[in-house]
>>> print(open('start-v6.pdb').read())   # PDB, C-alpha atoms (C1' of nucleotides)
ATOM      1  CA  MET O   1    -112.377   2.798  33.416
ATOM      2  CA  LYS O   2    -113.912  -0.258  35.008
ATOM      3  CA  LYS O   3    -111.719  -3.062  36.269
ATOM      4  CA  SER O   4    -113.575  -5.445  34.001
ATOM      5  CA  ASP O   5    -112.385  -3.523  30.966
ATOM      6  CA  ILE O   6    -108.839  -4.727  31.499
ATOM      7  CA  HIS O   7    -109.157  -7.554  29.012
ATOM      8  CA  GLU O   8    -110.400  -5.221  26.294
ATOM      9  CA  VAL O   9    -107.650  -2.724  27.057
ATOM     10  CA  TYR O  10    -105.081  -5.470  26.783
ATOM     11  CA  GLU O  11    -106.369  -6.577  23.407
ATOM     12  CA  ILE O  12    -106.158  -3.028  22.059
ATOM     13  CA  LEU O  13    -102.626  -2.558  23.359
ATOM     14  CA  GLU O  14    -101.585  -5.916  21.982
ATOM     15  CA  ASP O  15    -102.908  -4.939  18.567
ATOM     16  CA  VAL O  16    -101.129  -1.585  18.592
ATOM     17  CA  TYR O  17     -97.924  -3.266  19.706
ATOM     18  CA  ARG O  18     -98.172  -5.843  16.933
ATOM     19  CA  ASN O  19     -98.341  -3.061  14.374
ATOM     20  CA  MET O  20     -95.427  -1.024  15.645
ATOM     21  CA  ASP O  21     -92.487  -0.992  13.243
ATOM     22  CA  GLU O  22     -89.977  -1.533  15.968
ATOM     23  CA  PRO O  23     -91.334  -1.344  19.505
ATOM     24  CA  SER O  24     -88.882   0.714  21.515
ATOM     25  CA  VAL O  25     -88.587  -1.920  24.184
ATOM     26  CA  THR O  26     -86.912  -4.307  21.773
ATOM     27  CA  LYS O  27     -84.343  -1.686  20.906
ATOM     28  CA  ILE O  28     -83.617  -1.058  24.550
ATOM     29  CA  SER O  29     -83.341  -4.597  25.737
ATOM     30  CA  LYS O  30     -82.234  -6.619  22.742
ATOM     31  CA  GLN O  31     -79.027  -7.976  24.254
ATOM     32  CA  THR O  32     -80.296  -7.717  27.757
ATOM     33  CA  ARG O  33     -83.361  -9.927  27.549
ATOM     34  CA  ARG O  34     -83.040 -13.368  29.060
ATOM     35  CA  ASP O  35     -79.832 -12.375  30.752
ATOM     36  CA  PRO O  36     -80.863 -11.899  34.400
ATOM     37  CA  PHE O  37     -77.584 -10.238  35.306
ATOM     38  CA  ARG O  38     -77.829  -7.600  32.596
ATOM     39  CA  VAL O  39     -81.478  -6.980  33.420
ATOM     40  CA  LEU O  40     -80.601  -6.500  37.058
ATOM     41  CA  ILE O  41     -77.635  -4.201  36.521
ATOM     42  CA  SER O  42     -79.251  -2.004  33.884
ATOM     43  CA  CYS O  43     -82.249  -1.668  36.139
ATOM     44  CA  LEU O  44     -80.020  -0.414  38.931
ATOM     45  CA  ILE O  45     -78.489   2.097  36.527
ATOM     46  CA  SER O  46     -81.896   3.257  35.296
ATOM     47  CA  LEU O  47     -82.720   5.032  38.538
ATOM     48  CA  ARG O  48     -83.774   8.583  37.753
ATOM     49  CA  THR O  49     -82.279   8.251  34.297
ATOM     50  CA  LYS O  50     -83.629   8.428  30.776
ATOM     51  CA  ASP O  51     -83.905   5.115  28.959
ATOM     52  CA  GLU O  52     -81.449   6.040  26.208
ATOM     53  CA  VAL O  53     -78.847   7.155  28.709
ATOM     54  CA  THR O  54     -79.380   3.977  30.711
ATOM     55  CA  LEU O  55     -78.875   1.867  27.608
ATOM     56  CA  ALA O  56     -75.638   3.597  26.647
ATOM     57  CA  ALA O  57     -74.257   3.409  30.176
ATOM     58  CA  SER O  58     -75.212  -0.251  30.534
ATOM     59  CA  ASN O  59     -73.553  -1.193  27.275
ATOM     60  CA  ARG O  60     -70.370   0.613  28.232
ATOM     61  CA  LEU O  61     -70.300  -1.314  31.479
ATOM     62  CA  PHE O  62     -71.209  -4.704  30.003
ATOM     63  CA  ALA O  63     -68.427  -4.374  27.460
ATOM     64  CA  LYS O  64     -66.060  -4.583  30.441
ATOM     65  CA  ALA O  65     -68.001  -6.962  32.646
ATOM     66  CA  ASP O  66     -71.167  -8.951  32.136
ATOM     67  CA  THR O  67     -70.984 -11.312  35.093
ATOM     68  CA  PRO O  68     -70.724 -10.776  38.851
ATOM     69  CA  GLU O  69     -67.196 -12.237  38.836
ATOM     70  CA  LYS O  70     -65.908  -9.871  36.179
ATOM     71  CA  MET O  71     -67.731  -6.943  37.728
ATOM     72  CA  LEU O  72     -65.868  -7.431  40.995
ATOM     73  CA  THR O  73     -62.547  -7.110  39.202
ATOM     74  CA  ILE O  74     -63.471  -3.522  38.375
ATOM     75  CA  PRO O  75     -63.019  -0.951  41.157
ATOM     76  CA  ALA O  76     -66.207   0.854  42.104
ATOM     77  CA  ASP O  77     -64.806   4.191  41.006
ATOM     78  CA  GLU O  78     -64.078   2.832  37.549
ATOM     79  CA  ILE O  79     -67.641   1.531  37.323
ATOM     80  CA  ALA O  80     -68.697   5.016  38.323
ATOM     81  CA  LYS O  81     -66.798   6.514  35.403
ATOM     82  CA  LEU O  82     -68.308   4.060  32.955
ATOM     83  CA  ILE O  83     -71.870   4.878  33.950
ATOM     84  CA  TYR O  84     -71.204   8.541  34.626
ATOM     85  CA  PRO O  85     -73.878  10.279  32.471
ATOM     86  CA  ALA O  86     -76.622   8.286  34.165
ATOM     87  CA  GLY O  87     -76.227  10.346  37.311
ATOM     88  CA  PHE O  88     -75.897   9.086  40.886
ATOM     89  CA  TYR O  89     -72.927   7.203  39.539
ATOM     90  CA  LYS O  90     -71.267   7.021  42.943
ATOM     91  CA  THR O  91     -74.233   5.479  44.708
ATOM     92  CA  LYS O  92     -75.062   3.250  41.788
ATOM     93  CA  SER O  93     -71.545   1.885  41.372
ATOM     94  CA  ASN O  94     -71.407   1.048  45.068
ATOM     95  CA  THR O  95     -74.781  -0.667  44.861
ATOM     96  CA  ILE O  96     -73.633  -2.677  41.867
ATOM     97  CA  THR O  97     -70.422  -3.729  43.589
ATOM     98  CA  ASN O  98     -72.210  -4.638  46.805
ATOM     99  CA  ILE O  99     -74.815  -6.719  45.038
ATOM    100  CA  CYS O 100     -72.234  -8.545  42.923
ATOM    101  CA  ARG O 101     -70.356  -9.385  46.101
ATOM    102  CA  ILE O 102     -73.498 -10.895  47.614
ATOM    103  CA  LEU O 103     -74.364 -12.743  44.417
ATOM    104  CA  LEU O 104     -70.947 -14.337  44.407
ATOM    105  CA  ASP O 105     -70.809 -15.106  48.129
ATOM    106  CA  GLU O 106     -74.344 -16.217  48.766
ATOM    107  CA  TYR O 107     -75.939 -17.118  45.471
ATOM    108  CA  ASP O 108     -73.157 -19.007  43.737
ATOM    109  CA  GLY O 109     -72.647 -16.127  41.322
ATOM    110  CA  LYS O 110     -76.195 -16.439  39.998
ATOM    111  CA  VAL O 111     -79.011 -13.922  40.045
ATOM    112  CA  PRO O 112     -81.927 -15.301  42.120
ATOM    113  CA  ASP O 113     -85.084 -16.093  40.159
ATOM    114  CA  GLU O 114     -87.521 -15.565  43.013
ATOM    115  CA  ILE O 115     -89.045 -12.177  43.818
ATOM    116  CA  ASP O 116     -88.572 -12.623  47.553
ATOM    117  CA  GLU O 117     -84.886 -13.441  47.212
ATOM    118  CA  LEU O 118     -84.286 -10.531  44.858
ATOM    119  CA  LEU O 119     -85.960  -8.133  47.273
ATOM    120  CA  LYS O 120     -83.404  -9.030  49.942
ATOM    121  CA  LEU O 121     -80.715  -7.321  47.863
ATOM    122  CA  LYS O 122     -80.260  -3.739  48.982
ATOM    123  CA  GLY O 123     -81.072  -1.500  46.053
ATOM    124  CA  VAL O 124     -83.575  -3.925  44.553
ATOM    125  CA  GLY O 125     -87.244  -3.062  44.859
ATOM    126  CA  ARG O 126     -90.430  -4.458  43.323
ATOM    127  CA  LYS O 127     -89.855  -3.011  39.880
ATOM    128  CA  THR O 128     -86.361  -4.423  39.542
ATOM    129  CA  ALA O 129     -87.266  -7.783  41.071
ATOM    130  CA  ASN O 130     -90.235  -8.227  38.770
ATOM    131  CA  LEU O 131     -88.265  -7.193  35.706
ATOM    132  CA  VAL O 132     -85.523  -9.697  36.436
ATOM    133  CA  VAL O 133     -88.091 -12.475  36.704
ATOM    134  CA  VAL O 134     -90.087 -11.547  33.624
ATOM    135  CA  GLU O 135     -87.321 -10.319  31.310
ATOM    136  CA  GLY O 136     -84.385 -12.251  32.664
ATOM    137  CA  TYR O 137     -86.103 -15.572  33.280
ATOM    138  CA  GLY O 138     -89.156 -15.297  31.065
ATOM    139  CA  ARG O 139     -91.456 -16.243  33.902
ATOM    140  CA  ASP O 140     -94.839 -14.868  34.913
ATOM    141  CA  ALA O 141     -94.463 -11.546  36.680
ATOM    142  CA  ILE O 142     -95.880  -8.080  36.353
ATOM    143  CA  CYS O 143     -93.351  -5.301  36.187
ATOM    144  CA  VAL O 144     -94.922  -1.934  36.865
ATOM    145  CA  ASP O 145     -92.509   0.789  35.926
ATOM    146  CA  THR O 146     -93.428   4.451  35.517
ATOM    147  CA  HIS O 147     -94.690   3.890  31.978
ATOM    148  CA  VAL O 148     -97.047   1.114  33.011
ATOM    149  CA  HIS O 149     -98.246   2.967  36.054
ATOM    150  CA  ARG O 150     -98.731   6.269  34.215
ATOM    151  CA  ILE O 151    -100.927   4.648  31.584
ATOM    152  CA  PHE O 152    -103.207   2.853  34.031
ATOM    153  CA  ASN O 153    -103.322   5.938  36.188
ATOM    154  CA  ARG O 154    -104.514   8.085  33.288
ATOM    155  CA  LEU O 155    -107.038   5.486  32.238
ATOM    156  CA  GLY O 156    -108.537   5.728  35.696
ATOM    157  CA  TYR O 157    -107.734   2.105  36.465
ATOM    158  CA  VAL O 158    -105.892   3.108  39.620
ATOM    159  CA  ALA O 159    -106.088   6.321  41.590
ATOM    160  CA  THR O 160    -103.036   6.093  43.797
ATOM    161  CA  LYS O 161     -99.602   7.359  42.996
ATOM    162  CA  THR O 162     -97.953   4.139  44.006
ATOM    163  CA  PRO O 163     -96.975   1.621  41.320
ATOM    164  CA  ASP O 164     -97.281  -1.147  43.919
ATOM    165  CA  LYS O 165    -101.041  -0.672  43.987
ATOM    166  CA  THR O 166    -101.157  -0.945  40.207
ATOM    167  CA  GLU O 167     -99.224  -4.186  40.411
ATOM    168  CA  MET O 168    -101.677  -5.595  42.945
ATOM    169  CA  GLU O 169    -104.679  -4.686  40.804
ATOM    170  CA  LEU O 170    -103.139  -6.173  37.682
ATOM    171  CA  ARG O 171    -102.274  -9.363  39.522
ATOM    172  CA  LYS O 172    -105.904  -9.565  40.581
ATOM    173  CA  HIS O 173    -107.642  -8.712  37.323
ATOM    174  CA  LEU O 174    -105.277  -9.473  34.454
ATOM    175  CA  PRO O 175    -105.189 -13.158  33.449
ATOM    176  CA  ILE O 176    -101.778 -14.727  34.080
ATOM    177  CA  LYS O 177    -101.216 -15.555  30.435
ATOM    178  CA  TYR O 178    -100.937 -11.814  29.752
ATOM    179  CA  TRP O 179     -98.519 -10.978  32.544
ATOM    180  CA  ILE O 180     -95.325 -11.528  30.597
ATOM    181  CA  ARG O 181     -96.208  -9.220  27.734
ATOM    182  CA  ILE O 182     -98.029  -6.415  29.487
ATOM    183  CA  ASN O 183     -94.806  -4.708  30.504
ATOM    184  CA  GLU O 184     -93.075  -4.720  27.139
ATOM    185  CA  ILE O 185     -96.255  -3.614  25.421
ATOM    186  CA  LEU O 186     -96.911  -0.746  27.810
ATOM    187  CA  VAL O 187     -93.325   0.416  27.937
ATOM    188  CA  SER O 188     -93.383   0.858  24.168
ATOM    189  CA  TYR O 189     -96.805   2.457  24.319
ATOM    190  CA  GLY O 190     -95.682   4.761  27.104
ATOM    191  CA  ARG O 191     -92.581   5.856  25.236
ATOM    192  CA  GLU O 192     -94.265   6.441  21.908
ATOM    193  CA  ILE O 193     -97.899   7.371  22.518
ATOM    194  CA  CYS O 194     -98.895   7.801  26.145
ATOM    195  CA  THR O 195     -95.800   9.874  26.789
ATOM    196  CA  PRO O 196     -95.070  11.484  30.180
ATOM    197  CA  VAL O 197     -95.652  15.031  28.860
ATOM    198  CA  SER O 198     -97.938  15.991  25.975
ATOM    199  CA  PRO O 199     -99.220  12.496  25.202
ATOM    200  CA  HIS O 200    -100.452  11.811  21.677
ATOM    201  CA  CYS O 201    -104.100  11.371  22.581
ATOM    202  CA  SER O 202    -105.225  12.211  19.050
ATOM    203  CA  TYR O 203    -104.152   8.823  17.817
ATOM    204  CA  CYS O 204    -104.378   6.858  21.032
ATOM    205  CA  ARG O 205    -106.884   4.056  20.651
ATOM    206  CA  LEU O 206    -107.632   4.145  24.341
ATOM    207  CA  SER O 207    -108.784   7.765  24.374
ATOM    208  CA  ASP O 208    -112.480   6.806  24.402
ATOM    209  CA  ILE O 209    -112.191   5.132  27.775
ATOM    210  CA  CYS O 210    -109.475   7.349  29.236
ATOM    211  CA  ASP O 211    -110.083   9.795  32.086
ATOM    212  CA  LYS O 212    -107.305  12.131  31.104
ATOM    213  CA  VAL O 213    -107.486  12.763  27.399
ATOM    214  CA  SER O 214    -105.600  15.956  26.662
ATOM    215  CA  VAL O 215    -106.303  18.654  24.079
ATOM    216  CA  ASP O 216    -104.077  16.813  21.634
ATOM    217  CA  ARG O 217    -107.164  14.714  20.879
ATOM    218  CA  ARG O 218    -108.823  17.549  18.961
ATOM    219  CA  ARG O 219    -105.851  18.555  16.897
TER
ATOM    220  C1'  DA J 220     -82.960  28.844  35.864
ATOM    221  C1'  DA J 221     -86.050  25.150  35.756
ATOM    222  C1'  DA J 222     -87.914  20.905  34.358
ATOM    223  C1'  DA J 223     -87.528  16.139  33.083
ATOM    224  C1'  DC J 224     -85.851  11.641  33.909
ATOM    225  C1'  DG J 225     -87.626   6.565  37.625
ATOM    226  C1'  DG J 226     -86.914   4.050  41.347
ATOM    227  C1'  DG J 227     -85.747   2.520  46.411
ATOM    228  C1'  DG J 228     -86.224   3.190  51.222
ATOM    229  C1'  DG J 229     -87.680   5.236  55.483
ATOM    230  C1'  DC J 230     -91.399   6.675  58.103
TER
ATOM    231  C1'  DG A 231     -99.279   4.124  51.457
ATOM    232  C1'  DC A 232     -96.945   8.760  51.331
ATOM    233  C1'  DC A 233     -92.950  11.457  51.163
ATOM    234  C1'  DC A 234     -88.229  12.168  50.527
ATOM    235  C1'  DC A 235     -83.993  11.573  48.214
ATOM    236  C1'  DA A 236     -80.028  11.586  44.415
ATOM    237  C1'  DG A 237     -77.049  13.965  39.730
ATOM    238  C1'  DT A 238     -77.128  14.929  34.839
ATOM    239  C1'  DT A 239     -79.106  16.468  30.665
ATOM    240  C1'  DT A 240     -82.336  19.132  28.155
ATOM    241  C1'  DT A 241     -85.203  23.205  27.511
TER
END
>>> encode(input="start-v6.pdb", output="structure tokens")
Amino acid sequence: MKKSDIHEVYEILEDVYRNMDEPSVTKISKQTRRDPFRVLISCLISLRTKDEVTLAASNRLFAKADTPEKMLTIPADEIAKLIYPAGFYKTKSNTITNICRILLDEYDGKVPDEIDELLKLKGVGRKTANLVVVEGYGRDAICVDTHVHRIFNRLGYVATKTPDKTEMELRKHLPIKYWIRINEILVSYGREICTPVSPHCSYCRLSDICDKVSVDRRR
DNA sequence: AAAACGGGGGC
DNA sequence: GCCCCAGTTTT
């Protein structure tokens, strides 16, 4: 896939997304969108965890506390119990507590809206920082999670294994007006069509320009 | 028993 | 940039 094809690829994805009954991303993030704190915390929980499990764990936690102040009233080990099935509950609950402490002490209880500030928080990397900005604040950012990266990797748009490289390329070649939607579109596409294992290439509209079309295409 | 799940951090 | 790491659920 040539870099210049990015616009065409976007249009196809946009069209597919428009015709989905209920894009999975809306199910996942319905209450979370535009709430920077929820975006941040559920992202921390999502580490090495399936989306459905992350959603359930996040909701259990948010029912008890949906602000940094409230979160700090819950002992870390109780947070750990609430998010238990997500795995790494010990590490994650400590990370959550630590970050809430910093938010309260240094950021007036608010989640920063700048990538650079978010990255200063231990446990927050590029994916989380970008997601907070784009989902939490509705601002221009490109969030490259495994779904987004996997799709562009298969297309041949990027060769490296690192999502950071994908983000750089998208920032360079994808017009800014598309940045906000590219993540939600590709997350849905990645969950439903370009799945991690046995992707549904037979009805993927990108298969003609994809480097890694699997046998599913001929079924 | 082995694979799948997704991201941060250290080098 | 590449490699390592963590625990639970599903197959």
>>> resolve_selection(input="start-v6.pdb", expression="the PyMOL selection byres ((chain J) within 10 of (chain O))", output="ChimeraX atom specification")
/J:223-228
>>> resolve_selection(input="start-v6.pdb", expression="the PyMOL selection byres ((chain O) within 8 of (chain A))", output="CSV table (one decimal) with C-alpha atoms, in the frame of the given file")
chain,number,residue,atom,x,y,z
O,85,PRO,CA,-73.9,10.3,32.5
O,86,ALA,CA,-76.6,8.3,34.2
O,87,GLY,CA,-76.2,10.3,37.3
O,88,PHE,CA,-75.9,9.1,40.9
O,89,TYR,CA,-72.9,7.2,39.5
O,162,THR,CA,-98.0,4.1,44.0
>>> axis_aligned_box(input="start-v6.pdb", around="region 157-170 of chain O", padding_each_side="5 Å", output="AutoDock Vina command-line options")
--center_x -102.4 --center_y 0.6 --center_z 40.2 --size_x 20.8 --size_y 23.5 --size_z 17.5
>>> closest_residue(input="start-v6.pdb", among="O:Asp15, O:Asp108, O:Asp116, O:Asp211", to="Ala159 (chain O)", atoms="only C-alpha atoms")
O:Asp211
>>> resolve_selection(input="start-v6.pdb", expression="the PyMOL selection byres ((chain O and resi 17) around 12)", output="PyMOL selection string")
chain O and resi 10-16+18-26+181-193+205
>>> atom_distance(input="start-v6.pdb", atom1="CA of Arg150 (chain O)", atom2="CA of Glu8 (chain O)")
18.2 Å
>>> closest_residue(input="start-v6.pdb", among="O:Cys143, O:Thr195, O:Tyr157, O:Asp164", to="Ile6 (chain O)", atoms="only C-alpha atoms")
O:Tyr157
>>> atom_distance(input="start-v6.pdb", atom1="CA of Lys92 (chain O)", atom2="CA of Leu119 (chain O)")
16.7 Å
>>> closest_residue(input="start-v6.pdb", among="O:Ala76, O:Leu118, O:Ile83, O:Leu155", to="Ser207 (chain O)", atoms="all atoms listed in the file")
O:Leu155
>>> closest_residue(input="start-v6.pdb", among="O:Val148, O:Ala56, O:Val39, O:Ile102", to="Tyr84 (chain O)", atoms="all atoms listed in the file")
O:Ala56
>>> atom_distance(input="start-v6.pdb", atom1="CA of Pro163 (chain O)", atom2="CA of Trp179 (chain O)")
15.4 Å
>>> decode(input="start-v6.pdb", residues="chain J", atoms="N, CA and C atoms (P, O5', C5', C4', C3', O3' and C1' of nucleotides)", output="PDB file, in the first residue's frame")
ATOM      1  P    DA J 220       0.176 -29.342  32.538  1.00  0.00           P
ATOM      2  O5'  DA J 220       0.034 -28.912  31.115  1.00  0.00           O
ATOM      3  C5'  DA J 220       0.447 -29.781  30.056  1.00  0.00           C
ATOM      4  C4'  DA J 220       0.263 -29.010  28.771  1.00  0.00           C
ATOM      5  C3'  DA J 220       1.143 -27.783  28.624  1.00  0.00           C
ATOM      6  O3'  DA J 220       1.510 -27.677  27.262  1.00  0.00           O
ATOM      7  C1'  DA J 220      -1.119 -27.122  28.512  1.00  0.00           C
ATOM      8  P    DA J 221       2.644 -26.702  26.825  1.00  0.00           P
ATOM      9  O5'  DA J 221       1.785 -25.685  25.951  1.00  0.00           O
ATOM     10  C5'  DA J 221       0.827 -26.195  25.036  1.00  0.00           C
ATOM     11  C4'  DA J 221       0.020 -25.055  24.472  1.00  0.00           C
ATOM     12  C3'  DA J 221       0.824 -23.775  24.257  1.00  0.00           C
ATOM     13  O3'  DA J 221       0.426 -23.202  23.042  1.00  0.00           O
ATOM     14  C1'  DA J 221      -1.056 -23.307  25.572  1.00  0.00           C
ATOM     15  P    DA J 222       1.298 -22.033  22.397  1.00  0.00           P
ATOM     16  O5'  DA J 222       0.129 -21.075  21.878  1.00  0.00           O
ATOM     17  C5'  DA J 222      -1.077 -21.677  21.429  1.00  0.00           C
ATOM     18  C4'  DA J 222      -2.214 -20.707  21.610  1.00  0.00           C
ATOM     19  C3'  DA J 222      -1.866 -19.270  21.204  1.00  0.00           C
ATOM     20  O3'  DA J 222      -2.948 -18.720  20.498  1.00  0.00           O
ATOM     21  C1'  DA J 222      -2.669 -19.282  23.416  1.00  0.00           C
ATOM     22  P    DA J 223      -2.691 -17.466  19.552  1.00  0.00           P
ATOM     23  O5'  DA J 223      -3.664 -16.399  20.219  1.00  0.00           O
ATOM     24  C5'  DA J 223      -5.034 -16.749  20.441  1.00  0.00           C
ATOM     25  C4'  DA J 223      -5.626 -15.758  21.407  1.00  0.00           C
ATOM     26  C3'  DA J 223      -5.163 -14.316  21.144  1.00  0.00           C
ATOM     27  O3'  DA J 223      -6.272 -13.454  20.986  1.00  0.00           O
ATOM     28  C1'  DA J 223      -4.934 -14.882  23.447  1.00  0.00           C
ATOM     29  P    DC J 224      -6.091 -12.095  20.272  1.00  0.00           P
ATOM     30  O5'  DC J 224      -6.381 -11.037  21.411  1.00  0.00           O
ATOM     31  C5'  DC J 224      -7.413 -11.249  22.369  1.00  0.00           C
ATOM     32  C4'  DC J 224      -7.087 -10.493  23.630  1.00  0.00           C
ATOM     33  C3'  DC J 224      -6.274  -9.213  23.390  1.00  0.00           C
ATOM     34  O3'  DC J 224      -7.140  -8.081  23.394  1.00  0.00           O
ATOM     35  C1'  DC J 224      -5.562 -10.439  25.341  1.00  0.00           C
ATOM     36  P    DG J 225      -6.739  -6.808  22.546  1.00  0.00           P
ATOM     37  O5'  DG J 225      -5.625  -6.061  23.390  1.00  0.00           O
ATOM     38  C5'  DG J 225      -6.003  -5.487  24.605  1.00  0.00           C
ATOM     39  C4'  DG J 225      -4.915  -4.543  25.045  1.00  0.00           C
ATOM     40  C3'  DG J 225      -4.472  -3.560  23.949  1.00  0.00           C
ATOM     41  O3'  DG J 225      -4.439  -2.294  24.561  1.00  0.00           O
ATOM     42  C1'  DG J 225      -2.591  -4.639  24.825  1.00  0.00           C
ATOM     43  P    DG J 226      -4.175  -1.043  23.740  1.00  0.00           P
ATOM     44  O5'  DG J 226      -2.941  -0.367  24.464  1.00  0.00           O
ATOM     45  C5'  DG J 226      -3.065  -0.075  25.859  1.00  0.00           C
ATOM     46  C4'  DG J 226      -1.725  -0.290  26.527  1.00  0.00           C
ATOM     47  C3'  DG J 226      -0.619   0.696  26.134  1.00  0.00           C
ATOM     48  O3'  DG J 226      -0.708   1.791  27.025  1.00  0.00           O
ATOM     49  C1'  DG J 226       0.170  -1.523  26.655  1.00  0.00           C
ATOM     50  P    DG J 227       0.363   2.932  26.986  1.00  0.00           P
ATOM     51  O5'  DG J 227       1.468   2.419  28.006  1.00  0.00           O
ATOM     52  C5'  DG J 227       1.091   2.177  29.360  1.00  0.00           C
ATOM     53  C4'  DG J 227       2.315   1.853  30.183  1.00  0.00           C
ATOM     54  C3'  DG J 227       3.413   2.906  30.144  1.00  0.00           C
ATOM     55  O3'  DG J 227       3.964   3.012  31.443  1.00  0.00           O
ATOM     56  C1'  DG J 227       4.249   0.851  29.314  1.00  0.00           C
ATOM     57  P    DG J 228       5.089   4.034  31.778  1.00  0.00           P
ATOM     58  O5'  DG J 228       6.427   3.185  31.714  1.00  0.00           O
ATOM     59  C5'  DG J 228       6.537   2.027  32.539  1.00  0.00           C
ATOM     60  C4'  DG J 228       7.892   1.408  32.337  1.00  0.00           C
ATOM     61  C3'  DG J 228       9.043   2.409  32.276  1.00  0.00           C
ATOM     62  O3'  DG J 228      10.161   1.831  32.924  1.00  0.00           O
ATOM     63  C1'  DG J 228       9.019   1.138  30.308  1.00  0.00           C
ATOM     64  P    DG J 229      11.333   2.692  33.418  1.00  0.00           P
ATOM     65  O5'  DG J 229      12.534   1.659  33.318  1.00  0.00           O
ATOM     66  C5'  DG J 229      12.263   0.249  33.254  1.00  0.00           C
ATOM     67  C4'  DG J 229      13.319  -0.448  32.425  1.00  0.00           C
ATOM     68  C3'  DG J 229      14.669   0.256  32.381  1.00  0.00           C
ATOM     69  O3'  DG J 229      15.699  -0.719  32.424  1.00  0.00           O
ATOM     70  C1'  DG J 229      13.840   0.043  30.187  1.00  0.00           C
ATOM     71  P    DC J 230      17.177  -0.315  32.778  1.00  0.00           P
ATOM     72  O5'  DC J 230      17.954  -0.543  31.405  1.00  0.00           O
ATOM     73  C5'  DC J 230      17.920  -1.834  30.805  1.00  0.00           C
ATOM     74  C4'  DC J 230      18.248  -1.743  29.334  1.00  0.00           C
ATOM     75  C3'  DC J 230      19.458  -0.875  29.012  1.00  0.00           C
ATOM     76  O3'  DC J 230      20.620  -1.694  28.929  1.00  0.00           O
ATOM     77  C1'  DC J 230      17.673  -0.610  27.420  1.00  0.00           C
TER      78       DC J 230
END
